[in-house]
Each structure stands twice: as C-alpha cells, then as structure tokens.
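A short worksheet on the structure shown next.
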Amino acid sequence: VQLQASGGGLAQAGGSLRLSCAASGRALSEYIMGWFRQAPGKEREFVASLSWKAVLKDYGDSVKGRFTIYRDNTKNTMYLQMNRLKPEDTAVYYCAARLGSTWISWGQGTLVTVSS
C-alpha cells in the first residue's frame, strides 16, 4: 500500500488542523491505518490508529479527547482531525499502514507547527 500525507501547516494554540492520508493499493480493508508523530530530538510517538472498517480505534494518551481519526472509504483516504492544538503537538506527522503486528508502509510526513 502506498500512502500520501498532507494537510500540515501552522496553527495557533487552541486551533485546529486536519491531516489527510491518501492510500492506494490492493486489499486496503486488510490494513490497520494509523498516525505517528516525531518532534525534534524525540522518538516517534503513536498518535492514533483505525481499522479500515472503522470498528477499532485507538489513541495515544496525549491526544485523547482532542484528536479524531476517521476514514472515507469512497476516497481511500484517512483523516486526523486535530482540535485544541497545543505547542507540544508540534511535530512531523506520518501516516502508516499495519498488516498483522507490523507497520509495513509509511507516508512521507507532513509538518505541523503550533504556536503559543
């Protein structure tokens, strides 16, 4: 599966952004889709994941209640709606696809910068 992330940019604290991840390939329904982020000097952090049939959702503790992961199957696209942004949300965000227990495909990353 090939992934293309977009939608990053600059936001003020308390504001919102929506990230998109366009997916292409065969048998997309087999994949768990997810978002990760990496801030400068820090390790990559899990943000959220979603089964392609949207039955199972999971969120990292730092984003619970503020971020929402969802998908549009008609467009083969996954989204991350980010609300009540904080400066500590500043990072490069990556979308990824998981098959079984392994994240096997990664998008190129999109930068989110939140100013205080």
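Residues in the structure tokens are named by chain (A, B, ... in the order shown) and by number from 1 within that chain; ligands are numbered from 1 in the order shown.
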
Would you mind listing what lies within 8 Å of A:Lys86 as a PyMOL selection string, with only C-alpha atoms counted and same-chain residues fewer than 2 positions away left out?
chain A and resi 12-14+84+88-90+114-116

Export, as a CSV table (one decimal), in the first residue's frame, the selected residues with all heavy atoms.
```
chain,number,residue,atom,x,y,z
A,12,GLN,N,-2.4,28.2,15.6
A,12,GLN,CA,-2.2,28.8,16.9
A,12,GLN,C,-2.7,27.8,17.9
A,12,GLN,O,-3.5,26.9,17.7
A,12,GLN,CB,-3.0,30.1,17.0
A,12,GLN,CG,-2.4,31.2,16.2
A,12,GLN,CD,-3.1,32.5,16.4
A,12,GLN,OE1,-4.2,32.6,16.9
A,12,GLN,NE2,-2.4,33.6,16.1
A,13,ALA,N,-2.2,27.9,19.1
A,13,ALA,CA,-2.6,27.1,20.2
A,13,ALA,C,-4.1,27.3,20.4
A,13,ALA,O,-4.6,28.4,20.4
A,13,ALA,CB,-1.9,27.4,21.5
A,14,GLY,N,-4.8,26.1,20.6
A,14,GLY,CA,-6.3,26.2,20.7
A,14,GLY,C,-7.0,26.0,19.4
A,14,GLY,O,-8.2,25.8,19.3
A,84,ARG,N,-8.1,21.7,19.5
A,84,ARG,CA,-7.4,22.2,20.8
A,84,ARG,C,-5.9,22.0,20.8
A,84,ARG,O,-5.4,21.4,21.7
A,84,ARG,CB,-8.1,21.6,22.0
A,84,ARG,CG,-9.6,22.1,22.2
A,84,ARG,CD,-10.1,21.5,23.5
A,84,ARG,NE,-10.6,20.1,23.4
A,84,ARG,CZ,-10.4,19.3,24.3
A,84,ARG,NH1,-9.9,19.6,25.5
A,84,ARG,NH2,-10.8,18.0,24.2
A,88,GLU,N,3.0,21.6,22.2
A,88,GLU,CA,3.7,20.3,22.2
A,88,GLU,C,3.2,19.3,21.2
A,88,GLU,O,3.7,18.2,21.0
A,88,GLU,CB,3.5,19.7,23.6
A,88,GLU,CG,2.1,19.6,24.2
A,88,GLU,CD,1.8,20.8,25.1
A,88,GLU,OE1,2.2,22.0,24.7
A,88,GLU,OE2,1.2,20.6,26.1
A,89,ASP,N,2.2,19.7,20.4
A,89,ASP,CA,1.7,18.9,19.3
A,89,ASP,C,2.6,19.1,18.0
A,89,ASP,O,2.5,18.4,17.0
A,89,ASP,CB,0.3,19.2,18.9
A,89,ASP,CG,-0.7,18.7,20.0
A,89,ASP,OD1,-0.5,17.7,20.6
A,89,ASP,OD2,-1.7,19.5,20.2
A,90,THR,N,3.5,20.1,18.1
A,90,THR,CA,4.4,20.4,17.0
A,90,THR,C,5.3,19.2,16.7
A,90,THR,O,6.0,18.7,17.6
A,90,THR,CB,5.3,21.6,17.3
A,90,THR,OG1,4.4,22.8,17.4
A,90,THR,CG2,6.3,21.8,16.2
A,114,VAL,N,2.6,24.4,15.9
A,114,VAL,CA,1.6,25.0,16.7
A,114,VAL,C,2.3,26.1,17.5
A,114,VAL,O,3.2,25.8,18.3
A,114,VAL,CB,0.9,24.1,17.7
A,114,VAL,CG1,-0.2,24.8,18.5
A,114,VAL,CG2,0.3,22.9,16.9
A,115,SER,N,1.9,27.4,17.3
A,115,SER,CA,2.5,28.5,18.0
A,115,SER,C,1.7,28.8,19.3
A,115,SER,O,0.5,28.7,19.3
A,115,SER,CB,2.5,29.7,17.1
A,115,SER,OG,1.2,30.1,16.8
A,116,SER,N,2.4,29.3,20.3
A,116,SER,CA,1.7,29.6,21.6
A,116,SER,C,1.2,31.0,21.6
A,116,SER,O,1.5,31.8,20.7
A,116,SER,CB,2.7,29.4,22.7
A,116,SER,OG,3.9,30.2,22.5
```

Test item: residues at most 12 Å from A:Ala91, only C-alpha atoms, excluding those fewer than 5 positions along its chain, as a ChimeraX atom specification:
/A:8-10,35-47,85-86,109-115

Deliver the residues from the most recent selection as a file, using C-alpha atoms, as a PDB file, in the first residue's frame.
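File produced: selection_14.pdb:
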```pdb
ATOM      1  CA  GLY A   8       0.105  20.066   7.795  1.00  0.00           C
ATOM      2  CA  GLY A   9       0.807  23.705   8.444  1.00  0.00           C
ATOM      3  CA  LEU A  10       0.884  26.407  11.064  1.00  0.00           C
ATOM      4  CA  TRP A  35      -0.795   8.212  12.562  1.00  0.00           C
ATOM      5  CA  PHE A  36       2.518   8.736  14.304  1.00  0.00           C
ATOM      6  CA  ARG A  37       4.470  11.881  15.010  1.00  0.00           C
ATOM      7  CA  GLN A  38       8.040  12.824  15.708  1.00  0.00           C
ATOM      8  CA  ALA A  39       9.103  16.052  17.328  1.00  0.00           C
ATOM      9  CA  PRO A  40      12.675  17.367  17.015  1.00  0.00           C
ATOM     10  CA  GLY A  41      15.003  15.426  19.263  1.00  0.00           C
ATOM     11  CA  LYS A  42      12.296  12.978  20.337  1.00  0.00           C
ATOM     12  CA  GLU A  43      11.337   9.441  19.431  1.00  0.00           C
ATOM     13  CA  ARG A  44       8.463   8.667  17.115  1.00  0.00           C
ATOM     14  CA  GLU A  45       5.200   8.619  19.053  1.00  0.00           C
ATOM     15  CA  PHE A  46       1.972   6.753  18.359  1.00  0.00           C
ATOM     16  CA  VAL A  47      -0.963   9.113  17.813  1.00  0.00           C
ATOM     17  CA  LEU A  85      -3.902  22.082  19.499  1.00  0.00           C
ATOM     18  CA  LYS A  86      -1.035  22.662  21.889  1.00  0.00           C
ATOM     19  CA  GLY A 109       5.382  13.032   6.668  1.00  0.00           C
ATOM     20  CA  THR A 110       3.713  16.400   6.988  1.00  0.00           C
ATOM     21  CA  LEU A 111       4.864  19.136   9.368  1.00  0.00           C
ATOM     22  CA  VAL A 112       2.515  20.577  11.966  1.00  0.00           C
ATOM     23  CA  THR A 113       3.648  23.648  13.867  1.00  0.00           C
ATOM     24  CA  VAL A 114       1.602  25.040  16.737  1.00  0.00           C
ATOM     25  CA  SER A 115       2.480  28.490  18.032  1.00  0.00           C
TER      26      SER A 115
END
```

When distances are computed from only C-alpha atoms, which of A:Thr74, A:Ser20, A:Ser62, A:Gln2 shows the smallest separation from A:Tyr93?
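Distance minimum relative to A:Tyr93 lands on A:Ser20.
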
Which one of A:Gly15, A:Val63, A:Asn76, A:Ser51 sits closest to A:Glu30 if you count only C-alpha atoms?
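Using only C-alpha atoms, the shortest distance to A:Glu30 belongs to A:Ser51.
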
Find the spatial neighbours of A:Thr77, counting only C-alpha atoms, within a cut-off of 8 Å - ignore same-chain residues fewer than 5 positions away - and output them as a short mmCIF file (atom, residue, chain, number, x, y, z; two decimals) with all heavy atoms, in the first residue's frame.
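After the write, out.cif holds the following:
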```cif
data_model
loop_
_atom_site.label_atom_id
_atom_site.label_comp_id
_atom_site.auth_asym_id
_atom_site.auth_seq_id
_atom_site.Cartn_x
_atom_site.Cartn_y
_atom_site.Cartn_z
N SER A 20 -4.66 14.59 6.11
CA SER A 20 -5.22 13.58 5.23
C SER A 20 -4.14 12.58 4.85
O SER A 20 -2.96 12.93 4.76
CB SER A 20 -5.77 14.22 3.95
OG SER A 20 -6.78 15.15 4.24
N CYS A 21 -4.55 11.35 4.60
CA CYS A 21 -3.63 10.31 4.15
C CYS A 21 -4.34 9.52 3.05
O CYS A 21 -5.27 8.75 3.33
CB CYS A 21 -3.23 9.39 5.30
SG CYS A 21 -2.14 8.03 4.82
N ALA A 22 -3.91 9.75 1.83
CA ALA A 22 -4.48 9.04 0.69
C ALA A 22 -3.76 7.71 0.51
O ALA A 22 -2.53 7.67 0.47
CB ALA A 22 -4.36 9.89 -0.57
N ALA A 23 -4.53 6.65 0.42
CA ALA A 23 -3.97 5.31 0.31
C ALA A 23 -4.30 4.70 -1.04
O ALA A 23 -5.39 4.92 -1.58
CB ALA A 23 -4.51 4.42 1.42
N ARG A 71 -12.09 7.74 8.49
CA ARG A 71 -11.73 7.49 7.09
C ARG A 71 -12.95 7.63 6.19
O ARG A 71 -14.08 7.51 6.63
CB ARG A 71 -11.08 6.10 6.93
CG ARG A 71 -12.03 4.96 6.66
CD ARG A 71 -12.74 4.49 7.87
NE ARG A 71 -13.59 3.35 7.66
CZ ARG A 71 -14.89 3.41 7.41
NH1 ARG A 71 -15.48 4.57 7.31
NH2 ARG A 71 -15.60 2.32 7.26
N ASP A 72 -12.67 7.85 4.92
CA ASP A 72 -13.69 7.89 3.88
C ASP A 72 -13.33 6.80 2.88
O ASP A 72 -12.42 6.96 2.07
CB ASP A 72 -13.72 9.26 3.22
CG ASP A 72 -14.83 9.38 2.18
OD1 ASP A 72 -15.31 8.35 1.68
OD2 ASP A 72 -15.20 10.52 1.85
#
```

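Between A:Ser101 and the candidates A:Tyr31, A:Tyr59, A:Tyr79, A:Trp52, the tightest atom-to-atom separation, counting only C-alpha atoms, involves A:Tyr31.
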
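Minimum atom-to-atom distance to A:Trp103, evaluated using only C-alpha atoms, belongs to A:Gly34 out of A:Pro87, A:Gly25, A:Gly34, A:Gly60.
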
What parts of stretch 17-80 of chain A does DSSP call strand (DSSP E or B)? I'd like the answer as a PyMOL selection string.
chain A and resi 17-24+32-38+45-51+57-59+67-72+77-80

Got time to write the residues from that selection, C-alpha atoms, as a tab-separated table (two decimals), in the first residue's frame?
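Writing the result to result.tsv gives the following:
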```tsv
chain	number	residue	atom	x	y	z
A	17	LEU	CA	-5.95	21.30	11.63
A	18	ARG	CA	-6.97	18.29	9.61
A	19	LEU	CA	-4.46	15.88	8.15
A	20	SER	CA	-5.22	13.58	5.23
A	21	CYS	CA	-3.63	10.31	4.15
A	22	ALA	CA	-4.48	9.04	0.69
A	23	ALA	CA	-3.97	5.31	0.31
A	24	SER	CA	-3.61	3.22	-2.81
A	32	ILE	CA	-4.88	-1.11	10.23
A	33	MET	CA	-4.16	2.55	9.43
A	34	GLY	CA	-2.50	4.92	11.82
A	35	TRP	CA	-0.80	8.21	12.56
A	36	PHE	CA	2.52	8.74	14.30
A	37	ARG	CA	4.47	11.88	15.01
A	38	GLN	CA	8.04	12.82	15.71
A	45	GLU	CA	5.20	8.62	19.05
A	46	PHE	CA	1.97	6.75	18.36
A	47	VAL	CA	-0.96	9.11	17.81
A	48	ALA	CA	-3.95	7.07	16.63
A	49	SER	CA	-4.99	4.01	14.67
A	50	LEU	CA	-8.10	2.80	12.89
A	51	SER	CA	-9.15	-0.46	11.33
A	57	LYS	CA	-9.94	2.97	17.13
A	58	ASP	CA	-7.06	3.67	19.45
A	59	TYR	CA	-5.43	6.92	20.59
A	67	PHE	CA	-7.86	14.28	18.05
A	68	THR	CA	-10.21	12.12	16.00
A	69	ILE	CA	-9.18	9.55	13.41
A	70	TYR	CA	-11.65	8.58	10.70
A	71	ARG	CA	-11.73	7.49	7.09
A	72	ASP	CA	-13.69	7.89	3.88
A	77	THR	CA	-8.44	8.38	2.50
A	78	MET	CA	-7.82	8.51	6.24
A	79	TYR	CA	-8.02	11.72	8.25
A	80	LEU	CA	-6.81	13.06	11.56
```

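The shortest atom-to-atom distance to A:Ala96, with only C-alpha atoms taken into account, belongs to A:Ala5 out of A:Ala5, A:Lys64, A:Ala11, A:Met82.
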
Distance atom CA of A:Arg98-atom CA of A:Asn83, one decimal place?
25.2 Å

Atomic distance atom CA of A:Leu28 - atom CA of A:Val1, expressed in Å with one decimal
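One can read the atom CA of A:Leu28 to atom CA of A:Val1 distance as 7.4 Å.
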
Kindly give the distance, in Å, that separates atom CA of A:Ser6 and atom CA of A:Cys95, rounded to a single decimal.
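Interatomic distance here is 9.5 Å.
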
From a DSSP pass on the backbone, collect the residues of chain A flagged as helix (DSSP H, G or I) and hand them back as a VMD selection string.
chain A and resid 28 to 30 73 to 75 87 to 89
